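Raw contents of start_19.txt, compact mmCIF, C-alpha atoms:
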```
# COMPACT_ATOMS: atom_id res chain seq x y z
CA MET G 1 -199.87 45.84 -180.79
CA VAL G 2 -197.31 44.60 -178.33
CA PHE G 3 -194.96 47.29 -179.47
CA SER G 4 -197.43 50.11 -178.73
CA ARG G 5 -198.35 48.73 -175.30
CA ARG G 6 -194.70 48.61 -174.33
CA LEU G 7 -194.37 52.10 -175.61
CA LEU G 8 -197.23 53.22 -173.41
CA LEU G 9 -195.64 51.52 -170.42
CA ILE G 10 -192.62 53.71 -170.99
CA VAL G 11 -194.25 56.91 -172.15
CA ILE G 12 -196.86 57.21 -169.40
CA PRO G 13 -194.43 57.01 -166.43
CA VAL G 14 -192.07 59.38 -168.20
CA LEU G 15 -194.86 61.86 -168.81
CA ALA G 16 -195.93 61.49 -165.19
CA LEU G 17 -192.40 62.14 -164.03
CA ILE G 18 -192.09 65.20 -166.19
CA SER G 19 -195.36 66.67 -164.97
CA ILE G 20 -194.58 65.97 -161.32
CA THR G 21 -191.17 67.58 -161.73
CA GLY G 22 -192.85 70.47 -163.46
CA VAL G 23 -195.29 70.97 -160.63
CA PHE G 24 -192.47 70.99 -158.08
CA TYR G 25 -190.56 73.48 -160.17
CA VAL G 26 -193.50 75.86 -160.28
CA LEU G 27 -194.09 75.46 -156.55
CA GLN G 28 -190.44 76.30 -155.94
CA LEU G 29 -190.80 79.49 -157.94
CA THR G 30 -193.86 80.63 -156.05
CA SER G 31 -192.41 79.74 -152.67
CA ASP G 32 -189.39 81.91 -153.48
CA ASP G 33 -191.80 84.77 -154.06
CA GLN G 34 -193.17 84.27 -150.58
CA LEU G 35 -189.72 84.70 -149.00
CA PRO G 36 -188.31 87.95 -150.36
CA ASP G 37 -186.20 88.51 -147.27
CA GLU G 38 -183.70 85.78 -148.07
CA LYS G 39 -182.63 87.53 -151.23
CA ASP G 40 -183.31 91.16 -150.52
CA LEU G 41 -182.16 91.81 -146.97
CA HIS G 42 -178.55 91.70 -145.80
CA GLY G 43 -178.72 91.54 -142.02
CA LEU G 44 -179.57 88.85 -139.51
CA ILE G 45 -183.13 88.18 -140.61
CA TYR G 46 -185.92 87.28 -138.22
CA GLN G 47 -187.37 84.23 -139.95
CA GLU G 48 -190.75 84.93 -138.42
CA PRO G 49 -191.05 88.69 -138.09
CA ARG G 50 -192.82 89.62 -134.89
CA ARG G 51 -194.45 92.84 -133.91
CA ALA G 52 -191.91 95.07 -132.21
CA PRO G 53 -192.81 95.48 -128.54
CA ASP G 54 -194.21 98.95 -127.94
CA PHE G 55 -192.67 101.25 -125.36
CA THR G 56 -192.88 104.79 -124.02
CA LEU G 57 -189.71 106.59 -122.95
CA ILE G 58 -188.37 110.15 -122.70
CA ASP G 59 -186.21 111.73 -125.37
CA GLN G 60 -183.40 114.24 -125.14
CA ASP G 61 -185.86 117.14 -125.14
CA GLY G 62 -187.69 115.70 -122.18
CA GLU G 63 -190.62 114.73 -124.39
CA ILE G 64 -192.52 111.48 -124.39
CA PHE G 65 -191.74 109.11 -127.22
CA THR G 66 -193.84 106.05 -128.02
CA LEU G 67 -192.65 103.52 -130.55
CA SER G 68 -196.11 102.86 -131.97
CA SER G 69 -196.27 106.49 -133.08
CA THR G 70 -193.72 105.53 -135.75
CA GLU G 71 -196.09 103.25 -137.64
CA ARG G 72 -195.85 103.75 -141.43
CA SER G 73 -192.17 104.60 -141.17
CA VAL G 74 -189.06 102.48 -140.78
CA SER G 75 -187.19 102.58 -137.46
CA LEU G 76 -183.64 101.70 -136.48
CA ILE G 77 -182.91 101.00 -132.82
CA PHE G 78 -179.52 100.71 -131.12
CA PHE G 79 -178.82 100.36 -127.42
CA GLY G 80 -175.80 102.00 -125.78
CA TYR G 81 -174.66 104.75 -123.45
CA ALA G 82 -173.09 108.21 -123.60
CA HIS G 83 -169.80 107.29 -121.93
CA CYS G 84 -169.06 104.65 -124.53
CA PRO G 85 -165.92 105.84 -126.36
CA ASP G 86 -165.60 103.54 -129.33
CA ALA G 87 -168.48 101.22 -130.17
CA CYS G 88 -171.48 103.51 -129.72
CA PRO G 89 -169.98 106.39 -131.72
CA THR G 90 -169.12 103.82 -134.40
CA ALA G 91 -172.76 102.70 -134.55
CA LEU G 92 -174.13 106.23 -134.53
CA ILE G 93 -171.80 107.29 -137.28
CA LYS G 94 -173.46 104.51 -139.30
CA TYR G 95 -176.77 106.16 -138.51
CA ARG G 96 -175.45 109.46 -139.73
CA TRP G 97 -174.10 107.97 -142.94
CA VAL G 98 -177.43 106.30 -143.72
CA GLN G 99 -179.37 109.44 -142.85
CA GLU G 100 -177.21 111.57 -145.12
CA HIS G 101 -177.67 109.14 -148.00
CA LEU G 102 -181.43 108.84 -147.64
CA GLU G 103 -181.93 112.39 -148.91
CA GLU G 104 -185.64 113.00 -149.43
CA ASP G 105 -186.59 109.78 -147.64
CA LYS G 106 -184.88 110.97 -144.47
CA ASP G 107 -188.13 111.94 -142.74
CA ARG G 108 -189.61 108.51 -143.24
CA VAL G 109 -186.92 106.81 -141.13
CA ASN G 110 -186.54 107.07 -137.35
CA PHE G 111 -183.08 106.75 -135.83
CA ILE G 112 -183.42 105.66 -132.23
CA PHE G 113 -180.74 105.22 -129.57
CA ILE G 114 -181.85 103.82 -126.20
CA THR G 115 -179.69 103.99 -123.11
CA VAL G 116 -178.55 101.05 -121.02
CA ASP G 117 -177.14 103.52 -118.48
CA PRO G 118 -180.05 105.59 -117.10
CA GLU G 119 -177.94 106.44 -114.04
CA ARG G 120 -175.71 108.76 -116.02
CA ASP G 121 -177.79 109.35 -119.15
CA ASP G 122 -180.20 112.08 -118.07
CA PRO G 123 -181.99 114.23 -120.70
CA GLU G 124 -179.33 116.95 -120.45
CA THR G 125 -176.57 114.46 -121.23
CA LEU G 126 -178.63 113.02 -124.05
CA LYS G 127 -179.23 116.43 -125.56
CA SER G 128 -175.60 117.45 -125.70
CA TYR G 129 -174.73 114.02 -127.08
CA VAL G 130 -177.18 114.30 -129.95
CA GLU G 131 -176.17 117.88 -130.69
CA TYR G 132 -172.54 116.85 -130.72
CA LEU G 133 -173.05 114.09 -133.25
CA LYS G 134 -175.35 116.21 -135.43
CA ILE G 135 -177.75 113.40 -136.20
CA ASP G 136 -181.51 113.84 -136.38
CA MET G 137 -182.27 111.08 -133.90
CA LYS G 138 -184.08 110.22 -130.71
CA TYR G 139 -181.90 109.37 -127.72
CA LEU G 140 -184.18 107.79 -125.15
CA THR G 141 -183.97 107.33 -121.41
CA GLY G 142 -186.36 106.82 -118.52
CA ASP G 143 -186.72 105.24 -115.11
CA GLU G 144 -185.27 101.81 -114.80
CA ASP G 145 -188.87 100.55 -114.38
CA ASP G 146 -189.72 101.87 -117.82
CA LEU G 147 -186.48 100.75 -119.44
CA GLN G 148 -186.31 97.24 -118.03
CA PRO G 149 -189.20 95.84 -120.11
CA VAL G 150 -187.72 97.42 -123.24
CA TRP G 151 -184.33 95.82 -122.54
CA ASN G 152 -186.06 92.49 -121.89
CA ASN G 153 -188.26 92.65 -124.98
CA PHE G 154 -185.33 93.32 -127.27
CA GLY G 155 -183.20 90.75 -125.51
CA ILE G 156 -180.60 93.30 -124.54
CA TYR G 157 -177.82 92.06 -122.36
CA PHE G 158 -175.54 94.43 -120.54
CA GLU G 159 -173.45 94.72 -117.43
CA LYS G 160 -171.26 97.28 -115.78
CA GLU G 161 -167.53 96.86 -115.83
CA ASP G 162 -165.61 98.85 -113.28
CA LEU G 163 -162.58 100.61 -114.58
CA PRO G 164 -159.53 99.50 -112.65
CA GLU G 165 -157.29 101.97 -110.87
CA VAL G 166 -154.50 102.84 -113.22
CA GLU G 167 -151.01 103.87 -112.23
CA GLY G 168 -149.82 107.22 -113.36
CA GLY G 169 -146.93 108.31 -115.49
CA PRO G 170 -145.99 111.88 -116.32
CA GLY G 171 -149.07 114.06 -116.70
CA PHE G 172 -151.36 111.23 -115.76
CA ARG G 173 -153.70 110.58 -112.90
CA SER G 174 -155.72 107.60 -111.80
CA SER G 175 -159.30 107.34 -112.89
CA GLN G 176 -162.15 108.11 -110.59
CA THR G 177 -164.08 104.99 -109.67
CA GLU G 178 -167.29 106.75 -110.66
CA ASN G 179 -166.39 105.84 -114.19
CA TYR G 180 -167.43 102.48 -115.45
CA LEU G 181 -167.79 100.84 -118.78
CA MET G 182 -170.68 98.78 -119.91
CA ALA G 183 -170.76 95.64 -121.96
CA HIS G 184 -173.92 95.59 -124.05
CA THR G 185 -175.68 94.00 -126.99
CA SER G 186 -174.49 95.76 -130.07
CA LEU G 187 -177.06 95.13 -132.77
CA ILE G 188 -178.95 97.69 -134.82
CA PHE G 189 -182.55 96.47 -134.96
CA ILE G 190 -184.71 97.32 -137.94
CA ILE G 191 -188.47 97.69 -137.71
CA ASP G 192 -190.63 97.97 -140.83
CA LYS G 193 -193.61 100.21 -141.61
CA GLU G 194 -196.00 97.75 -140.01
CA MET G 195 -194.08 97.71 -136.72
CA ASN G 196 -192.56 94.29 -137.36
CA LEU G 197 -189.03 93.49 -136.22
CA ARG G 198 -187.41 92.31 -139.46
CA GLU G 199 -183.66 92.05 -139.04
CA ALA G 200 -180.58 93.17 -137.13
CA PHE G 201 -177.24 94.55 -138.28
CA THR G 202 -173.89 94.30 -136.54
CA LEU G 203 -171.41 97.14 -136.36
CA TYR G 204 -169.19 95.41 -138.85
CA ASP G 205 -171.80 95.24 -141.59
CA LEU G 206 -171.55 97.62 -144.51
CA ASN G 207 -173.23 101.02 -144.48
CA GLU G 208 -174.28 100.40 -148.07
CA ASP G 209 -176.15 97.23 -147.09
CA LEU G 210 -177.86 99.00 -144.22
CA LEU G 211 -178.97 101.79 -146.55
CA ALA G 212 -180.18 99.32 -149.19
CA ASP G 213 -182.28 97.45 -146.63
CA VAL G 214 -183.81 100.62 -145.21
CA LYS G 215 -184.78 101.69 -148.72
CA PHE G 216 -186.19 98.25 -149.48
CA LEU G 217 -188.35 98.33 -146.35
CA LEU G 218 -189.53 101.84 -147.16
CA GLU G 219 -190.79 100.74 -150.56
CA GLU G 220 -192.22 97.39 -149.53
CA MET B 1 -135.88 81.67 -145.79
CA LEU B 2 -132.93 81.96 -143.42
CA VAL B 3 -131.39 84.71 -145.52
CA TRP B 4 -134.65 86.67 -145.32
CA PHE B 5 -134.56 86.55 -141.53
CA LEU B 6 -130.98 87.74 -141.51
CA LEU B 7 -132.03 90.75 -143.54
CA LEU B 8 -134.46 91.96 -140.83
CA PRO B 9 -133.00 94.45 -138.37
CA GLN B 10 -132.08 92.95 -135.04
CA GLY B 11 -134.53 93.81 -132.33
CA PRO B 12 -137.88 95.47 -132.85
CA SER B 13 -138.22 98.49 -135.12
CA ILE B 14 -141.44 100.32 -134.41
CA MET B 15 -143.12 102.87 -136.61
CA VAL B 16 -146.44 104.55 -135.89
CA GLU B 17 -148.54 105.87 -138.74
CA ALA B 18 -151.80 107.77 -139.24
CA PRO B 19 -152.51 108.51 -135.58
CA TRP B 20 -155.88 110.16 -135.04
CA VAL B 21 -158.32 110.75 -132.25
CA ARG B 22 -162.08 110.66 -132.67
CA THR B 23 -163.87 112.74 -130.09
CA ALA B 24 -167.13 111.46 -128.69
CA PRO B 25 -169.50 113.43 -126.48
CA MET B 26 -168.04 111.94 -123.31
CA GLY B 27 -164.44 111.19 -124.10
CA ALA B 28 -162.45 110.18 -127.09
CA ALA B 29 -160.74 107.23 -128.72
CA GLY B 30 -157.26 107.17 -130.24
CA TYR B 31 -156.43 105.12 -133.30
CA MET B 32 -153.26 104.44 -135.32
CA VAL B 33 -151.27 101.79 -137.15
CA ILE B 34 -148.24 100.39 -135.33
CA THR B 35 -145.76 98.60 -137.58
CA ASN B 36 -142.84 96.54 -136.39
CA ARG B 37 -140.27 96.11 -139.12
CA GLY B 38 -137.81 94.39 -136.85
CA GLY B 39 -137.05 90.76 -136.22
CA GLU B 40 -138.26 90.71 -132.63
CA ALA B 41 -141.51 91.60 -130.91
CA ASP B 42 -142.12 94.64 -128.77
CA VAL B 43 -144.92 95.36 -126.33
CA LEU B 44 -146.95 98.53 -125.85
CA VAL B 45 -147.34 98.77 -122.09
CA SER B 46 -148.93 102.15 -121.49
CA VAL B 47 -149.91 105.46 -123.05
CA ASN B 48 -150.34 108.95 -121.74
CA LEU B 49 -150.92 112.52 -122.83
CA ASP B 50 -149.21 115.73 -121.83
CA PHE B 51 -152.04 116.64 -119.51
CA GLY B 52 -154.08 114.83 -116.92
CA GLY B 53 -156.78 112.35 -117.69
CA MET B 54 -157.26 108.72 -118.33
CA ALA B 55 -155.65 107.01 -121.27
CA MET B 56 -156.03 103.26 -121.42
CA LEU B 57 -155.62 100.72 -124.13
CA HIS B 58 -158.80 98.77 -124.83
CA GLU B 59 -160.12 96.33 -127.31
CA THR B 60 -163.74 96.29 -128.41
CA VAL B 61 -164.73 92.69 -128.82
CA ILE B 62 -168.05 91.26 -129.79
CA GLU B 63 -168.92 87.94 -128.22
CA ASP B 64 -172.37 86.60 -129.05
CA ASN B 65 -173.35 90.04 -130.31
CA ILE B 66 -172.48 91.57 -126.97
CA MET B 67 -170.00 94.35 -127.20
CA LYS B 68 -167.42 94.37 -124.51
CA MET B 69 -164.46 96.53 -123.96
CA LYS B 70 -161.51 94.63 -122.67
CA MET B 71 -158.64 96.48 -121.12
CA VAL B 72 -155.39 95.57 -122.74
CA THR B 73 -152.44 95.83 -120.40
CA ASN B 74 -149.78 94.67 -122.85
CA LEU B 75 -150.30 94.91 -126.57
CA GLU B 76 -147.77 92.78 -128.40
CA ILE B 77 -146.48 93.97 -131.74
CA PRO B 78 -145.05 90.82 -133.33
CA PRO B 79 -141.97 90.96 -135.56
CA ASP B 80 -142.48 91.95 -139.19
CA SER B 81 -146.14 92.79 -138.74
CA LYS B 82 -148.51 95.59 -137.93
CA VAL B 83 -151.21 96.10 -135.35
CA GLU B 84 -154.04 98.42 -136.21
CA LEU B 85 -155.96 100.48 -133.69
CA LYS B 86 -159.25 101.31 -135.42
CA PRO B 87 -162.96 101.85 -134.65
CA GLY B 88 -164.56 98.66 -133.40
CA GLY B 89 -161.20 97.15 -132.45
CA TYR B 90 -158.17 98.21 -130.44
CA HIS B 91 -158.27 101.80 -129.32
CA ILE B 92 -156.85 104.15 -126.73
CA MET B 93 -159.73 105.13 -124.51
CA LEU B 94 -159.49 108.72 -123.37
CA GLN B 95 -161.66 110.09 -120.59
CA ASP B 96 -161.76 112.87 -118.00
CA LEU B 97 -159.21 114.89 -119.93
CA GLU B 98 -158.08 118.06 -118.25
CA GLN B 99 -157.95 119.82 -121.58
CA PRO B 100 -160.64 119.61 -124.23
CA LEU B 101 -159.83 118.19 -127.66
CA GLN B 102 -160.75 120.36 -130.63
CA ASP B 103 -161.50 118.89 -134.04
CA GLY B 104 -158.86 119.96 -136.52
CA GLU B 105 -156.08 120.29 -133.94
CA THR B 106 -153.53 117.72 -132.88
CA VAL B 107 -152.71 116.17 -129.55
CA LYS B 108 -149.49 114.47 -128.47
CA ILE B 109 -149.79 110.85 -127.47
CA HIS B 110 -146.85 109.15 -125.74
CA LEU B 111 -146.61 105.44 -126.38
CA HIS B 112 -144.43 103.48 -123.97
CA LEU B 113 -142.95 100.35 -125.43
CA GLU B 114 -141.09 97.74 -123.45
CA ARG B 115 -138.03 97.65 -125.69
CA SER B 116 -138.27 100.64 -127.97
CA GLY B 117 -138.93 103.16 -125.21
CA THR B 118 -141.27 106.10 -125.68
CA ILE B 119 -142.58 107.05 -129.09
CA THR B 120 -144.48 110.32 -129.30
CA VAL B 121 -146.96 111.02 -132.08
CA ASP B 122 -149.10 114.00 -133.01
CA ALA B 123 -152.59 112.64 -133.47
CA LEU B 124 -155.06 114.57 -135.62
CA ILE B 125 -158.35 115.20 -133.85
CA SER B 126 -161.09 114.40 -136.31
CA GLN B 127 -164.51 112.79 -136.63
CA GLU B 128 -163.29 110.67 -139.49
CA SER B 129 -160.18 108.67 -140.19
CA PRO B 130 -157.54 110.62 -142.08
CA ASN B 131 -157.11 107.58 -144.30
CA SER B 132 -159.11 107.13 -147.48
CA SER B 133 -161.47 104.51 -146.03
CA SER B 134 -163.50 105.50 -142.98
```
Please go through the file and, once you have read it, give me the structure as structure tokens.
Amino acid sequence: MVFSRRLLLIVIPVLALISITGVFYVLQLTSDDQLPDEKDLHGLIYQEPRRAPDFTLIDQDGEIFTLSSTERSVSLIFFGYAHCPDACPTALIKYRWVQEHLEEDKDRVNFIFITVDPERDDPETLKSYVEYLKIDMKYLTGDEDDLQPVWNNFGIYFEKEDLPEVEGGPGFRSSQTENYLMAHTSLIFIIDKEMNLREAFTLYDLNEDLLADVKFLLEE
Amino acid sequence: MLVWFLLLPQGPSIMVEAPWVRTAPMGAAGYMVITNRGGEADVLVSVNLDFGGMAMLHETVIEDNIMKMKMVTNLEIPPDSKVELKPGGYHIMLQDLEQPLQDGETVKIHLHLERSGTITVDALISQESPNSSS
């Protein structure tokens, strides 16, 4: 009698412990299912995806482009300027690589490049830029009044940096002061089919990861 | 350790490999690998082409996800090491060139080093790095 009571005093707490642990384990499994991003996406993930702020700008053909028209497709957005010699071409070459590897899914992804330099980036400049790079993309510009809210909404920082006068050597002349460089936020933002901002990639991330994430968001 | 140092040539010994220029719609960027096999450092102080235009050494740096281009006035090449100019890093910024650059051709780039003097390379003009990895 005493023996069995003692046994119960041991068995019941142990059983309780096992079932509580079991419940936690199951909860853990289901909570993982609710956070696919942690395992499936490779960029800087927005923990709470928010609806991408809509905007209307002008593309390289002088036509109106509105972000909300891209619902049901995935969009990539990068901010830069045409006179950028190294970083922007590097980012856009990533665009081209991803576009080439998407094959039949190409038309379901929008590649967008928005200027931070509307002073120099007029539609004509944008057009020759896009044609030069041979990417099926939208290069967007507009009045500063139209661009400013877009820059603000995406948290884009940039500033002009004047090029200094440079001394010449043989076959060399000083730069015109009309030229300036711009420092700017260099992330590729990714928006899903429901217009939510999901993650951002840096220029040093792998093309393969960018492609994998775009494909994942297309199939989601 | 000491013996190893004695085996290095006195003074800097600069070699430039795989020079290439990637054209962009509004200018171009020059890239290459500069190796110093010598026992002393050298400094790249300026670059120029055979024709007019702007050629300046820059470094793309990302601070807090903001891309900046910093002008580099003196690029040190330490002894027994190499410095790589590649997309997203150090590069020769080329703008307002008096002659256009055609993909597939080459362009002469003159590198002026403090101790080694002028080294001239023929850079391949291409959209992609001539090396195996892009």
Q) Could you write out as a count of residues only the residues of chain B within 9 Å of chain G, counting all atoms listed in the file? A) 36
Q.
Report as number ranges by chain all protein, DNA and RNA residues lying within 10 Å of His42 (chain G), evaluated on all atoms listed in the file, omitting residues in the same chain fewer than 5 positions from it.
A. G: 37, 199-201, 205-206, 208-210, 212-213
Please save C-alpha atoms of the selected residues as a CSV table (one decimal), in the coordinates of the input.
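Ended up saving to result08.csv:
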```csv
chain,number,residue,atom,x,y,z
G,37,ASP,CA,-186.2,88.5,-147.3
G,199,GLU,CA,-183.7,92.0,-139.0
G,200,ALA,CA,-180.6,93.2,-137.1
G,201,PHE,CA,-177.2,94.6,-138.3
G,205,ASP,CA,-171.8,95.2,-141.6
G,206,LEU,CA,-171.6,97.6,-144.5
G,208,GLU,CA,-174.3,100.4,-148.1
G,209,ASP,CA,-176.2,97.2,-147.1
G,210,LEU,CA,-177.9,99.0,-144.2
G,212,ALA,CA,-180.2,99.3,-149.2
G,213,ASP,CA,-182.3,97.4,-146.6
```
Q) Distance CA of Met32 (chain B)-CA of Ser116 (chain B), one decimal place? A)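 For CA of Met32 (chain B) relative to CA of Ser116 (chain B), the distance reads 17.1 Å.
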Q: Rounded to one decimal place, report the CA of Ile119 (chain B)-CA of Val16 (chain B) distance in Å.
A: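 Computing it gives 8.2 Å between the two atoms.
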Q) Within 7 Å of Asn74 (chain B), counting all atoms listed in the file, which residues qualify if same-chain residues fewer than 4 places away don't, as a list in words? A) Val43, Leu44 and Val45 of chain B
Could you tell me, as a tab-separated table (two decimals) with C-alpha atoms, keeping the file's coordinate frame, which residues have any atom at most 8 Å from (-150.1, 99.2, -135.6), counting all atoms listed in the file?
```tsv
chain	number	residue	atom	x	y	z
B	15	MET	CA	-143.12	102.87	-136.61
B	16	VAL	CA	-146.44	104.55	-135.89
B	17	GLU	CA	-148.54	105.87	-138.74
B	32	MET	CA	-153.26	104.44	-135.32
B	33	VAL	CA	-151.27	101.79	-137.15
B	34	ILE	CA	-148.24	100.39	-135.33
B	35	THR	CA	-145.76	98.60	-137.58
B	36	ASN	CA	-142.84	96.54	-136.39
B	77	ILE	CA	-146.48	93.97	-131.74
B	82	LYS	CA	-148.51	95.59	-137.93
B	83	VAL	CA	-151.21	96.10	-135.35
B	84	GLU	CA	-154.04	98.42	-136.21
B	85	LEU	CA	-155.96	100.48	-133.69
```
Q.
Using all atoms listed in the file, can you tell me which of B:Pro12, B:Pro78, B:Lys70, B:Gly30 comes closest to His110 (chain B)?
A.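 Under the stated criterion, the closest residue is B:Gly30.
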(Q) From the options B:Val21, B:Ala41, B:Ser13, B:Leu57, which residue's atoms come nearest to Leu111 (chain B), counting all atoms listed in the file? (A)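 Of the candidates, the smallest distance to Leu111 (chain B) is held by B:Leu57.
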Q: Find the spatial neighbours of Asp122 (chain B), counting all atoms listed in the file, within a cut-off of 9 Å - ignore same-chain residues fewer than 3 positions away - and output them as a count of residues only.
A: 6
(Q) I need every residue sitting at most 9 Å from the point (-196.0, 100.3, -130.1) (coordinates as in the file, all atoms listed in the file considered), written as a PyMOL selection string. (A) chain G and resi 51-56+66-71+195
Q: Please indicate the distance in Å from CA of Asp192 (chain G) to CA of Leu102 (chain G), rounded to one decimal place.
A: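 Going from CA of Asp192 (chain G) over to CA of Leu102 (chain G), I get 15.8 Å.
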**Q.** Within 9 Å of Gly62 (chain G) using all atoms listed in the file, minus same-chain residues under 2 positions, as a PyMOL selection string
**A.** chain G and resi 58-60+64+123-124
Please dump the current selection as a JSON list (two decimals), keeping the file's coordinate frame; keep C-alpha atoms.
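The file below, result.json, is the result:
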```
[["chain", "number", "residue", "atom", "x", "y", "z"],
["G", 58, "ILE", "CA", -188.37, 110.15, -122.70],
["G", 59, "ASP", "CA", -186.21, 111.73, -125.37],
["G", 60, "GLN", "CA", -183.40, 114.24, -125.14],
["G", 64, "ILE", "CA", -192.52, 111.48, -124.39],
["G", 123, "PRO", "CA", -181.99, 114.23, -120.70],
["G", 124, "GLU", "CA", -179.33, 116.95, -120.45]]
```
